[in-house]
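Dumped data22.cif below, it's mmCIF, C-alpha atoms:
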```cif
data_protein
#
loop_
_atom_site.label_atom_id
_atom_site.label_comp_id
_atom_site.auth_asym_id
_atom_site.auth_seq_id
_atom_site.Cartn_x
_atom_site.Cartn_y
_atom_site.Cartn_z
CA MET A 1 -22.78 63.05 -49.23
CA GLY A 2 -23.49 62.44 -52.92
CA ASP A 3 -27.19 62.02 -52.15
CA ILE A 4 -27.30 65.31 -50.26
CA LEU A 5 -25.63 67.17 -53.15
CA ALA A 6 -28.07 65.66 -55.66
CA LEU A 7 -30.94 66.66 -53.38
CA LEU A 8 -29.69 70.25 -53.16
CA LYS A 9 -29.10 70.46 -56.93
CA GLN A 10 -32.66 69.35 -57.59
CA MET A 11 -34.06 71.90 -55.16
CA PHE A 12 -32.21 74.85 -56.70
CA ARG A 13 -32.26 73.83 -60.40
CA HIS A 14 -32.91 76.83 -62.68
CA ASP A 15 -32.70 75.27 -66.17
CA HIS A 16 -35.95 74.39 -67.93
CA THR A 17 -34.77 71.28 -69.72
CA PRO A 18 -37.91 69.20 -70.03
CA ILE A 19 -37.80 65.64 -68.76
CA GLU A 20 -39.09 63.07 -71.20
CA GLY A 21 -42.86 62.51 -70.94
CA LYS A 22 -43.50 65.41 -68.53
CA ARG A 23 -44.47 69.05 -68.98
CA GLN A 24 -42.18 71.64 -67.35
CA GLY A 25 -44.62 72.85 -64.72
CA GLU A 26 -45.46 69.34 -63.64
CA MET A 27 -41.76 68.43 -63.46
CA GLU A 28 -40.85 71.31 -61.15
CA GLY A 29 -43.90 70.71 -58.92
CA GLU A 30 -43.04 67.01 -58.48
CA GLY A 31 -39.31 67.77 -57.86
CA LEU A 32 -40.05 70.21 -55.03
CA SER A 33 -42.53 67.85 -53.45
CA MET A 34 -40.04 64.97 -53.47
CA ASN A 35 -37.30 67.12 -52.02
CA ALA A 36 -39.53 68.53 -49.35
CA LYS A 37 -40.47 65.02 -48.32
CA ARG A 38 -36.84 63.98 -48.13
CA LEU A 39 -36.00 67.02 -46.06
CA VAL A 40 -38.80 66.37 -43.64
CA ILE A 41 -37.72 62.75 -43.26
CA LEU A 42 -34.14 63.88 -42.64
CA LEU A 43 -35.27 66.31 -39.95
CA ILE A 44 -37.39 63.60 -38.32
CA VAL A 45 -34.42 61.22 -38.36
CA ILE A 46 -32.18 63.84 -36.74
CA ALA A 47 -34.78 64.63 -34.09
CA ALA A 48 -35.26 60.93 -33.36
CA GLY A 49 -31.50 60.48 -33.04
CA ILE A 50 -31.19 63.36 -30.60
CA ILE A 51 -34.13 62.24 -28.47
CA LEU A 52 -33.12 58.59 -28.39
CA GLY A 53 -29.50 59.48 -27.67
CA ARG A 54 -30.48 61.43 -24.56
CA LEU A 55 -32.95 58.76 -23.49
CA ALA A 56 -30.33 56.05 -23.87
CA VAL A 57 -27.89 57.88 -21.59
CA ARG A 58 -30.64 58.52 -19.07
CA ALA A 59 -31.72 54.86 -19.19
CA VAL A 60 -28.20 53.57 -18.60
CA LEU A 61 -27.57 55.97 -15.71
CA ASN A 62 -30.92 55.03 -14.20
CA LEU A 63 -29.98 51.37 -14.43
CA LEU A 64 -26.83 52.02 -12.40
CA LEU A 65 -28.03 54.68 -9.99
CA GLY A 66 -31.82 54.58 -10.06
CA GLY A 67 -34.21 57.19 -11.40
CA THR A 68 -37.17 57.75 -13.71
CA LEU A 69 -37.06 57.82 -17.50
CA PHE A 70 -39.14 60.99 -17.71
CA GLY A 71 -39.69 63.98 -15.50
CA GLY A 72 -37.27 66.45 -13.96
CA ASN A 73 -34.82 67.34 -16.73
CA VAL A 74 -36.15 67.48 -20.29
CA LEU A 75 -35.04 63.99 -21.34
CA MET B 1 -28.02 54.74 -45.92
CA ILE B 2 -27.83 58.51 -45.52
CA TYR B 3 -30.72 58.35 -43.07
CA LEU B 4 -29.04 55.66 -41.00
CA LEU B 5 -25.76 57.55 -40.83
CA THR B 6 -27.56 60.77 -39.95
CA PHE B 7 -29.47 58.99 -37.19
CA LEU B 8 -26.31 57.46 -35.73
CA ALA B 9 -24.49 60.79 -35.83
CA ALA B 10 -27.39 62.57 -34.10
CA PHE B 11 -27.70 59.73 -31.55
CA ALA B 12 -24.00 59.70 -30.68
CA GLY B 13 -23.69 63.49 -30.61
CA SER B 14 -26.72 63.86 -28.39
CA ALA B 15 -25.51 61.16 -25.99
CA ALA B 16 -22.05 62.73 -25.78
CA PHE B 17 -23.52 66.18 -25.15
CA LYS B 18 -25.74 64.85 -22.36
CA LEU B 19 -22.82 63.12 -20.68
CA LYS B 20 -20.63 66.22 -20.83
CA TYR B 21 -23.29 68.81 -19.99
CA ASP B 22 -22.63 70.83 -16.86
CA SER B 23 -26.04 71.42 -15.30
CA ILE B 24 -24.80 74.30 -13.15
CA HIS B 25 -22.94 75.98 -16.02
CA GLY B 26 -19.61 76.22 -14.24
CA LYS B 27 -21.05 78.30 -11.42
CA TYR B 28 -19.31 76.16 -8.79
CA LYS B 29 -16.00 75.76 -10.57
CA ALA B 30 -13.07 78.04 -9.86
CA ARG B 31 -10.63 79.25 -12.51
CA TRP B 32 -7.76 77.88 -10.49
CA SER B 33 -4.45 79.71 -10.55
CA GLU B 34 -1.84 81.06 -8.16
CA GLU B 35 -3.96 84.19 -7.96
CA VAL B 36 -6.78 82.11 -6.45
CA GLY B 37 -4.86 79.81 -4.13
CA SER B 38 -2.26 77.13 -3.65
CA LYS B 39 -2.47 73.42 -2.95
CA LEU B 40 -0.40 71.25 -0.65
CA THR B 41 -0.69 67.58 -1.50
CA ASP B 42 -0.43 64.36 0.49
CA LEU B 43 0.20 65.83 3.91
CA PRO B 44 0.30 63.03 6.51
CA TYR B 45 -1.97 62.67 9.49
CA GLY B 46 -1.17 59.10 10.49
CA ASP B 47 0.94 56.06 9.75
CA GLY B 48 -1.48 54.39 7.36
CA GLU B 49 -0.88 54.56 3.63
CA ALA B 50 -4.22 56.32 3.16
CA ASN B 51 -3.70 58.77 6.01
CA ARG B 52 -3.05 61.75 3.77
CA PHE B 53 -4.84 65.00 3.10
CA ASP B 54 -4.66 67.82 0.57
CA LEU B 55 -4.84 71.42 1.74
CA TYR B 56 -6.02 74.34 -0.36
CA LEU B 57 -4.95 77.80 0.85
CA PRO B 58 -6.49 81.03 -0.52
CA ALA B 59 -4.09 83.48 -2.15
CA ASP B 60 -5.15 86.19 0.31
CA SER B 61 -3.15 85.23 3.40
CA GLY B 62 -3.61 88.51 5.22
CA LYS B 63 -6.71 87.77 7.29
CA GLU B 64 -6.61 87.27 11.03
CA ASN B 65 -8.79 84.15 10.94
CA TYR B 66 -10.05 81.70 8.36
CA GLY B 67 -12.89 79.25 8.11
CA LEU B 68 -11.96 75.70 7.16
CA VAL B 69 -14.20 73.55 4.96
CA VAL B 70 -13.37 69.87 4.74
CA TYR B 71 -14.84 67.82 1.90
CA LEU B 72 -14.83 64.00 1.93
CA HIS B 73 -14.83 61.86 -1.20
CA PRO B 74 -17.44 59.27 -2.25
CA GLY B 75 -16.79 55.66 -3.23
CA GLY B 76 -18.94 53.25 -1.25
CA PHE B 77 -16.32 53.08 1.52
CA THR B 78 -14.30 50.85 -0.82
CA THR B 79 -13.03 53.17 -3.55
CA GLY B 80 -12.32 56.83 -4.28
CA ASP B 81 -9.62 59.37 -3.56
CA LYS B 82 -9.26 62.92 -2.35
CA SER B 83 -8.13 63.96 -5.82
CA GLY B 84 -11.76 63.60 -6.88
CA ASP B 85 -12.64 66.49 -4.58
CA THR B 86 -10.35 68.94 -6.36
CA GLU B 87 -13.11 70.92 -8.08
CA MET B 88 -15.14 71.38 -4.89
CA CYS B 89 -12.09 72.29 -2.81
CA GLN B 90 -10.86 74.78 -5.40
CA TRP B 91 -14.27 76.44 -5.47
CA LEU B 92 -14.40 76.67 -1.65
CA CYS B 93 -10.87 78.08 -1.63
CA SER B 94 -11.82 80.64 -4.28
CA ARG B 95 -14.55 81.81 -1.92
CA GLY B 96 -11.94 82.58 0.75
CA TYR B 97 -12.01 79.39 2.83
CA VAL B 98 -9.11 77.13 3.62
CA SER B 99 -10.33 73.80 2.27
CA ALA B 100 -9.13 70.25 2.63
CA SER B 101 -9.88 66.80 1.33
CA ILE B 102 -8.92 63.80 3.45
CA ASN B 103 -8.26 60.21 2.45
CA TYR B 104 -9.28 57.36 4.70
CA THR B 105 -8.44 53.66 4.69
CA LEU B 106 -10.82 51.93 2.31
CA PHE B 107 -12.32 48.49 2.88
CA SER B 108 -10.40 46.08 0.64
CA LYS B 109 -8.63 42.73 0.60
CA GLU B 110 -5.54 44.53 1.93
CA HIS B 111 -7.61 46.19 4.66
CA PRO B 112 -10.47 43.81 5.52
CA ASP B 113 -10.85 45.37 8.97
CA ALA B 114 -11.57 48.83 7.57
CA ASN B 115 -15.20 49.85 8.06
CA ILE B 116 -17.32 52.97 8.41
CA TYR B 117 -16.42 53.27 12.09
CA THR B 118 -12.64 53.05 11.58
CA GLN B 119 -12.91 55.48 8.66
CA SER B 120 -14.82 57.96 10.78
CA VAL B 121 -12.18 57.67 13.49
CA GLU B 122 -9.46 58.44 10.94
CA ILE B 123 -11.34 61.58 9.88
CA ARG B 124 -11.64 62.60 13.51
CA GLU B 125 -7.93 62.04 14.09
CA ALA B 126 -7.01 63.93 10.93
CA MET B 127 -8.71 67.17 11.86
CA PRO B 128 -6.08 68.53 14.31
CA PHE B 129 -3.41 67.84 11.66
CA VAL B 130 -5.38 69.76 9.04
CA VAL B 131 -5.85 72.76 11.31
CA LYS B 132 -2.19 72.67 12.38
CA ALA B 133 -0.93 72.43 8.78
CA ALA B 134 -2.96 75.50 7.82
CA GLN B 135 -1.70 77.43 10.82
CA GLU B 136 1.91 76.56 10.05
CA LYS B 137 1.39 78.23 6.67
CA GLY B 138 0.06 81.35 8.33
CA TYR B 139 -3.70 80.63 8.11
CA ARG B 140 -5.26 80.66 11.56
CA ILE B 141 -8.40 78.49 11.58
CA ASP B 142 -11.08 79.45 14.07
CA GLN B 143 -14.14 77.56 12.79
CA MET B 144 -15.07 74.95 10.27
CA ALA B 145 -17.68 73.20 8.18
CA ILE B 146 -17.60 69.72 6.70
CA GLY B 147 -19.23 68.18 3.66
CA GLY B 148 -19.15 65.18 1.39
CA GLY B 149 -20.91 62.99 -1.12
CA SER B 150 -22.24 59.46 -0.66
CA ALA B 151 -19.75 57.66 1.61
CA GLY B 152 -18.13 61.03 2.19
CA GLY B 153 -21.52 62.41 3.11
CA CYS B 154 -22.02 59.65 5.69
CA LEU B 155 -18.61 60.37 7.22
CA ALA B 156 -19.22 64.13 7.16
CA LEU B 157 -22.48 63.68 9.06
CA LEU B 158 -20.76 61.46 11.61
CA TYR B 159 -18.03 64.01 12.21
CA ALA B 160 -20.48 66.89 12.51
CA TYR B 161 -23.05 65.08 14.65
CA ARG B 162 -20.99 62.62 16.69
CA ASP B 163 -17.49 64.11 16.84
CA ALA B 164 -17.98 67.88 16.77
CA ASP B 165 -17.09 68.08 20.49
CA THR B 166 -13.63 66.68 19.71
CA SER B 167 -12.99 69.14 16.90
CA PRO B 168 -10.05 71.55 17.42
CA VAL B 169 -12.32 74.36 16.21
CA PRO B 170 -16.14 74.74 16.37
CA VAL B 171 -18.09 72.96 13.65
CA ARG B 172 -20.69 75.39 12.30
CA MET B 173 -22.53 73.37 9.66
CA VAL B 174 -22.51 70.24 7.52
CA PHE B 175 -23.56 69.69 3.90
CA GLU B 176 -23.83 66.42 2.08
CA ALA B 177 -25.54 64.56 -0.71
CA VAL B 178 -26.76 60.97 -0.79
CA GLY B 179 -24.90 59.84 2.31
CA PRO B 180 -26.42 56.97 4.32
CA SER B 181 -27.39 58.22 7.76
CA SER B 182 -28.90 55.06 9.27
CA PHE B 183 -28.97 51.31 8.77
CA TYR B 184 -32.45 49.90 9.34
CA PRO B 185 -33.17 46.90 7.09
CA GLU B 186 -36.70 48.07 6.30
CA ASP B 187 -35.21 51.14 4.57
CA TRP B 188 -32.77 49.22 2.37
CA VAL B 189 -35.42 48.22 -0.15
CA SER B 190 -33.21 48.17 -3.24
CA TYR B 191 -31.01 45.53 -1.59
CA GLY B 192 -34.04 43.39 -0.71
CA LEU B 193 -33.23 43.69 2.97
CA ASP B 194 -36.76 44.83 3.77
CA GLN B 195 -38.16 41.39 2.97
CA ASP B 196 -39.54 39.35 5.82
CA THR B 197 -37.33 36.35 5.14
CA ASP B 198 -34.43 34.72 6.97
CA LYS B 199 -32.21 35.35 3.97
CA ALA B 200 -32.96 39.09 4.04
CA ARG B 201 -32.41 39.34 7.78
CA GLU B 202 -29.14 37.43 7.62
CA GLY B 203 -28.02 39.54 4.66
CA ALA B 204 -28.76 42.72 6.57
CA ALA B 205 -26.97 41.47 9.66
CA GLY B 206 -23.94 40.55 7.61
CA LEU B 207 -23.83 43.81 5.64
CA PHE B 208 -24.41 46.16 8.57
CA GLY B 209 -22.11 44.18 10.84
CA THR B 210 -19.31 44.56 8.31
CA MET B 211 -20.03 48.27 7.96
CA ALA B 212 -20.02 48.81 11.71
CA GLY B 213 -17.17 46.42 12.50
CA LYS B 214 -19.38 44.63 15.02
CA LYS B 215 -21.11 41.29 15.37
CA ILE B 216 -24.76 41.80 14.48
CA THR B 217 -27.32 39.02 14.46
CA PRO B 218 -30.81 39.03 12.87
CA ASP B 219 -32.57 38.80 16.23
CA MET B 220 -31.08 42.18 17.18
CA PHE B 221 -33.15 44.10 14.60
CA GLY B 222 -35.87 46.23 16.12
CA THR B 223 -34.25 46.25 19.58
CA GLU B 224 -32.34 48.82 21.57
CA GLU B 225 -29.38 46.47 21.41
CA TYR B 226 -29.30 46.99 17.64
CA ASP B 227 -29.44 50.78 17.96
CA GLU B 228 -26.55 50.63 20.39
CA ALA B 229 -24.53 48.41 18.05
CA ILE B 230 -25.14 50.59 15.01
CA ARG B 231 -25.03 53.95 16.77
CA ASP B 232 -21.39 54.66 16.01
CA ILE B 233 -22.04 54.70 12.25
CA SER B 234 -25.57 56.16 12.28
CA ALA B 235 -25.60 59.93 12.17
CA LEU B 236 -29.38 59.78 12.70
CA LEU B 237 -28.89 58.50 16.25
CA TRP B 238 -26.77 61.50 17.22
CA VAL B 239 -29.32 64.16 16.31
CA ASP B 240 -30.33 66.43 19.16
CA SER B 241 -31.10 70.09 19.68
CA ASP B 242 -27.37 70.96 19.49
CA THR B 243 -26.88 69.34 16.10
CA VAL B 244 -25.31 71.73 13.62
CA PRO B 245 -27.27 73.25 10.70
CA THR B 246 -27.43 70.84 7.81
CA VAL B 247 -27.93 70.95 4.05
CA MET B 248 -28.67 67.59 2.45
CA ALA B 249 -29.83 66.30 -0.92
CA TYR B 250 -31.17 62.86 -1.85
CA GLY B 251 -32.56 61.09 -4.90
CA LYS B 252 -35.96 59.52 -4.42
CA TYR B 253 -35.07 56.49 -6.56
CA ASP B 254 -31.61 55.92 -5.12
CA LYS B 255 -30.52 52.32 -5.68
CA VAL B 256 -27.22 52.59 -3.83
CA GLN B 257 -28.25 53.93 -0.43
CA PRO B 258 -31.76 54.22 1.02
CA TYR B 259 -33.80 57.35 0.34
CA LEU B 260 -36.04 56.30 3.24
CA ALA B 261 -33.12 56.83 5.65
CA SER B 262 -33.03 60.48 4.58
CA VAL B 263 -36.74 60.79 5.36
CA ARG B 264 -35.95 59.61 8.91
CA LEU B 265 -33.10 62.11 9.16
CA ASP B 266 -35.27 64.98 7.96
CA LYS B 267 -37.90 64.11 10.55
CA ALA B 268 -35.32 63.84 13.33
CA LEU B 269 -33.82 67.22 12.44
CA THR B 270 -37.25 68.80 12.27
CA ASP B 271 -38.31 67.30 15.61
CA ALA B 272 -35.07 68.52 17.22
CA GLY B 273 -35.54 72.03 15.86
CA VAL B 274 -32.31 71.93 13.85
CA ALA B 275 -31.98 74.37 10.96
CA HIS B 276 -31.71 72.34 7.80
CA GLU B 277 -32.48 72.17 4.08
CA TYR B 278 -33.67 68.82 2.78
CA ILE B 279 -33.64 68.76 -1.01
CA VAL B 280 -35.35 65.81 -2.66
CA CYS B 281 -34.61 65.06 -6.30
CA GLU B 282 -37.94 63.53 -7.24
CA HIS B 283 -36.82 61.81 -10.44
CA SER B 284 -33.25 60.91 -9.62
CA GLY B 285 -31.18 58.14 -8.14
CA HIS B 286 -27.83 58.16 -6.41
CA GLY B 287 -26.30 60.63 -8.87
CA LEU B 288 -29.09 63.26 -8.55
CA GLN B 289 -28.77 63.07 -12.30
CA ASN B 290 -32.32 63.81 -13.50
CA ASP B 291 -33.09 66.95 -11.50
CA ASN B 292 -30.69 69.73 -12.48
CA VAL B 293 -32.93 72.42 -10.99
CA GLN B 294 -32.99 70.66 -7.62
CA TYR B 295 -29.26 70.04 -7.72
CA GLY B 296 -28.75 73.73 -8.38
CA ARG B 297 -30.97 74.42 -5.37
CA TYR B 298 -28.77 72.13 -3.24
CA MET B 299 -25.61 73.99 -4.21
CA SER B 300 -27.18 77.41 -3.69
CA SER B 301 -28.37 76.23 -0.26
CA VAL B 302 -24.81 75.17 0.54
CA GLU B 303 -23.65 78.63 -0.48
CA GLU B 304 -26.33 80.30 1.61
CA TYR B 305 -25.57 78.23 4.71
CA LEU B 306 -21.82 78.85 4.34
CA LYS B 307 -22.49 82.60 4.17
CA ARG B 308 -24.75 82.43 7.19
CA TYR B 309 -22.89 80.03 9.48
CA LEU B 310 -19.30 80.29 8.27
CA PRO B 311 -19.10 83.83 6.94
CA ILE B 312 -15.91 85.14 5.37
CA ARG B 313 -14.68 87.97 7.56
#
```
Exercise: express the given structure as C-alpha cells:
Amino acid sequence: MGDILALLKQMFRHDHTPIEGKRQGEMEGEGLSMNAKRLVILLIVIAAGIILGRLAVRAVLNLLLGGTLFGGNVL
Amino acid sequence: MIYLLTFLAAFAGSAAFKLKYDSIHGKYKARWSEEVGSKLTDLPYGDGEANRFDLYLPADSGKENYGLVVYLHPGGFTTGDKSGDTEMCQWLCSRGYVSASINYTLFSKEHPDANIYTQSVEIREAMPFVVKAAQEKGYRIDQMAIGGGSAGGCLALLYAYRDADTSPVPVRMVFEAVGPSSFYPEDWVSYGLDQDTDKAREGAAGLFGTMAGKKITPDMFGTEEYDEAIRDISALLWVDSDTVPTVMAYGKYDKVQPYLASVRLDKALTDAGVAHEYIVCEHSGHGLQNDNVQYGRYMSSVEEYLKRYLPIR
C-alpha cells in the first residue's frame, strides 16, 4: 500500500523542487517514465493473475471431468 | 512484493468468479416463494429408506389437468440426493408443471445388491405414488415427462424408453445430460476397457455385471447373449419408432461415462425416426463445463420440447 501511495504521489507531484544533480525538466520526464513502467507492469501482473486463475480452475475441472484447456468458453 | 500480492489477489478473485459464474444468467432459476408453488418433502413410495420423493405443486391449483415432470439426481449410482434437484424442480414448477424428484437406493456397503436395474425398478414403482400424491392435493396429472443428469439421465432414459408402457400417465418426452445409455466395452475408453487384453475384458465384465446385477463373463462380449444380459440397463436397446422425443447433451471429452455411447444413441434415434436434439459440447467433459453456449442450447431445447410435447394448458 505504501508503494502504491508513493507511486501516485510521484505521478501527480506539482512542486518544482530540484533533485540534486538533475535539471527540473529531466527530473519530471524520468519520473513519469518510471511510473508509467510500473503501471504497465502492474496491469500485466493483474492480467496474468486473471488469466491464470481461470485457466487453473479449468485445468482442475478438466482433470476430474475431462475437457480441453482452450476452446468453447473464453478461458 | 506488491506485484506478488496483486498477482495472488487477481488469481484468487478470477478463480472464485469462474467457479461461481452462472453461465445461463439465472434464466432457469425460479424466485421460489408461496406465490410460485409449494413443496412436499420425503413422501414415501416404498419400504426402503431411500424410497422417498419430493413433490413441487404450482401455486395455481385451478386447472383441470397438469403435466408432471420428474427429475432424477446424478451421483454415479452411488451418491446424490433429490435435494440436489431443487433448483430444476422449482423452475419446472414455476412454469406450471407439477414436478418431482425421486430418491432411489444407492449402491453402497449397506446396499451391495443395489444396481442400475434395481434403481430403475424403484423409479418405475414410484411413479404411481407420485401421480397419486399430486391428485390427492387436487392436481390431476394426465401426462408426464422425465429428465435427469448423469446417473439420473440413465434412469430417466430407461423409464422413458423401457417402462413408459407401465406409466400411470402417458410419457411425452425425456431430457437428460451425460447419462450412460449403453455398456459396450469398446466405448468405455477412459476406463481402459476398450483395450484388447484379458485384464480389460475381465474389468468390463466385472463392472457391467455389477451395474446390471447379472453374471457377465468376458466371452459374452460381442454376442447376442451379452445384449440380452445388458438390455435391462441399456436405454439404447429399447429404441424403436415409438420411442418418445428426446433432448440429450454430452461432453465430447467425458471421462466419467462414454461419449461414444451417445453417438450410438443418436444414430439409433435417427434410424428409428425419433424426434430428438443431440447437443454435443465439443470442448467439455462430464460437467459440460467448457461450452456455455451449447449448454444454453440444451436448456432452450428442453424448454422448446416441453412446450411442444407437454404444453401447459
query: Quick one: residues within 9 Å of range 37-50 of chain A, all atoms listed in the file counted, chain neighbours fewer than 3 positions away excluded, as a VMD selection string?
result: (chain A and resid 7 32 to 34 53 to 55) or (chain B and resid 2 to 4 6 to 15)
Written selection (C-alpha atoms) as a compact mmCIF listing (two decimals), in the coordinates of the input:
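The result, written out as again-v7.txt:
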```
# COMPACT_ATOMS: atom_id res chain seq x y z
CA LEU A 7 -30.94 66.66 -53.38
CA LEU A 32 -40.05 70.21 -55.03
CA SER A 33 -42.53 67.85 -53.45
CA MET A 34 -40.04 64.97 -53.47
CA GLY A 53 -29.50 59.48 -27.67
CA ARG A 54 -30.48 61.43 -24.56
CA LEU A 55 -32.95 58.76 -23.49
CA ILE B 2 -27.83 58.51 -45.52
CA TYR B 3 -30.72 58.35 -43.07
CA LEU B 4 -29.04 55.66 -41.00
CA THR B 6 -27.56 60.77 -39.95
CA PHE B 7 -29.47 58.99 -37.19
CA LEU B 8 -26.31 57.46 -35.73
CA ALA B 9 -24.49 60.79 -35.83
CA ALA B 10 -27.39 62.57 -34.10
CA PHE B 11 -27.70 59.73 -31.55
CA ALA B 12 -24.00 59.70 -30.68
CA GLY B 13 -23.69 63.49 -30.61
CA SER B 14 -26.72 63.86 -28.39
CA ALA B 15 -25.51 61.16 -25.99
```
- prompt: Applied to this file, what does the PyMOL selection byres ((chain B) within 12 of (chain A)) return in terms of residues, put as a ChimeraX atom specification?
  reply: /B:1-21,23,150,178,190,250-259,280-295
query: Which residues, written as a VMD selection string, have at least one atom at most 8 Å from range 73-89 of chain B, with all atoms listed in the file counted and residues fewer than 2 positions away on the same chain left out?
result: chain B and resid 28 to 30 53 to 54 56 71 91 to 93 99 to 103 106 to 108 115 to 116 148 to 153
message: Translate the PyMOL selection byres ((chain B and resi 241) around 12) into a concrete residue list for this structure, as a list in words.
response: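 Answer for the PyMOL selection byres ((chain B and resi 241) around 12): Tyr161, Trp238, Val239, Asp240, Asp242, Thr243, Val244, Pro245, Ala268, Leu269, Thr270, Asp271, Ala272, Gly273, Val274 and Ala275 of chain B.
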- prompt: Between CA of Lys267 in chain B and CA of Phe221 in chain B, what is the spacing in Å?
  reply: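 For CA of Phe221 in chain B relative to CA of Lys267 in chain B, the distance reads 21.0 Å.
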Using the incomplete input, complete range 86-108 of chain B to the level of N, CA and C atoms; output as an mmCIF file, keeping the file's coordinate frame.
```cif
data_model
loop_
_atom_site.group_PDB
_atom_site.id
_atom_site.type_symbol
_atom_site.label_atom_id
_atom_site.label_comp_id
_atom_site.auth_asym_id
_atom_site.auth_seq_id
_atom_site.Cartn_x
_atom_site.Cartn_y
_atom_site.Cartn_z
ATOM 1 N N THR B 86 -11.117 67.748 -5.969
ATOM 2 C CA THR B 86 -10.350 68.940 -6.360
ATOM 3 C C THR B 86 -11.265 70.106 -6.739
ATOM 4 N N GLU B 87 -12.248 69.837 -7.585
ATOM 5 C CA GLU B 87 -13.110 70.920 -8.080
ATOM 6 C C GLU B 87 -13.837 71.607 -6.929
ATOM 7 N N MET B 88 -14.407 70.811 -6.026
ATOM 8 C CA MET B 88 -15.140 71.380 -4.890
ATOM 9 C C MET B 88 -14.196 72.178 -4.002
ATOM 10 N N CYS B 89 -13.034 71.611 -3.707
ATOM 11 C CA CYS B 89 -12.090 72.290 -2.810
ATOM 12 C C CYS B 89 -11.558 73.581 -3.426
ATOM 13 N N GLN B 90 -11.318 73.553 -4.732
ATOM 14 C CA GLN B 90 -10.860 74.780 -5.400
ATOM 15 C C GLN B 90 -11.930 75.863 -5.330
ATOM 16 N N TRP B 91 -13.185 75.463 -5.534
ATOM 17 C CA TRP B 91 -14.270 76.440 -5.470
ATOM 18 C C TRP B 91 -14.374 77.036 -4.063
ATOM 19 N N LEU B 92 -14.323 76.183 -3.039
ATOM 20 C CA LEU B 92 -14.400 76.670 -1.650
ATOM 21 C C LEU B 92 -13.232 77.611 -1.364
ATOM 22 N N CYS B 93 -12.051 77.251 -1.852
ATOM 23 C CA CYS B 93 -10.870 78.080 -1.630
ATOM 24 C C CYS B 93 -11.036 79.426 -2.343
ATOM 25 N N SER B 94 -11.628 79.394 -3.532
ATOM 26 C CA SER B 94 -11.820 80.640 -4.280
ATOM 27 C C SER B 94 -12.792 81.576 -3.565
ATOM 28 N N ARG B 95 -13.608 80.997 -2.682
ATOM 29 C CA ARG B 95 -14.550 81.810 -1.920
ATOM 30 C C ARG B 95 -13.906 82.416 -0.669
ATOM 31 N N GLY B 96 -12.650 82.006 -0.390
ATOM 32 C CA GLY B 96 -11.940 82.580 0.750
ATOM 33 C C GLY B 96 -11.753 81.622 1.918
ATOM 34 N N TYR B 97 -12.183 80.366 1.760
ATOM 35 C CA TYR B 97 -12.010 79.390 2.830
ATOM 36 C C TYR B 97 -10.702 78.632 2.632
ATOM 37 N N VAL B 98 -10.112 78.180 3.724
ATOM 38 C CA VAL B 98 -9.110 77.130 3.620
ATOM 39 C C VAL B 98 -9.922 75.847 3.451
ATOM 40 N N SER B 99 -9.569 75.034 2.459
ATOM 41 C CA SER B 99 -10.330 73.800 2.270
ATOM 42 C C SER B 99 -9.383 72.605 2.282
ATOM 43 N N ALA B 100 -9.954 71.458 2.546
ATOM 44 C CA ALA B 100 -9.130 70.250 2.630
ATOM 45 C C ALA B 100 -9.947 69.044 2.222
ATOM 46 N N SER B 101 -9.260 68.086 1.617
ATOM 47 C CA SER B 101 -9.880 66.800 1.330
ATOM 48 C C SER B 101 -9.003 65.729 1.964
ATOM 49 N N ILE B 102 -9.645 64.763 2.615
ATOM 50 C CA ILE B 102 -8.920 63.800 3.450
ATOM 51 C C ILE B 102 -9.166 62.385 2.956
ATOM 52 N N ASN B 103 -8.108 61.635 2.757
ATOM 53 C CA ASN B 103 -8.260 60.210 2.450
ATOM 54 C C ASN B 103 -8.436 59.407 3.720
ATOM 55 N N TYR B 104 -9.080 58.276 3.577
ATOM 56 C CA TYR B 104 -9.280 57.360 4.700
ATOM 57 C C TYR B 104 -9.087 55.942 4.187
ATOM 58 N N THR B 105 -8.758 55.027 5.102
ATOM 59 C CA THR B 105 -8.440 53.660 4.690
ATOM 60 C C THR B 105 -9.695 52.964 4.183
ATOM 61 N N LEU B 106 -9.654 52.539 2.942
ATOM 62 C CA LEU B 106 -10.820 51.930 2.310
ATOM 63 C C LEU B 106 -10.893 50.439 2.642
ATOM 64 N N PHE B 107 -12.118 49.925 2.681
ATOM 65 C CA PHE B 107 -12.320 48.490 2.880
ATOM 66 C C PHE B 107 -11.846 47.767 1.613
ATOM 67 N N SER B 108 -10.948 46.812 1.776
ATOM 68 C CA SER B 108 -10.400 46.080 0.640
ATOM 69 C C SER B 108 -9.807 44.773 1.144
#
```
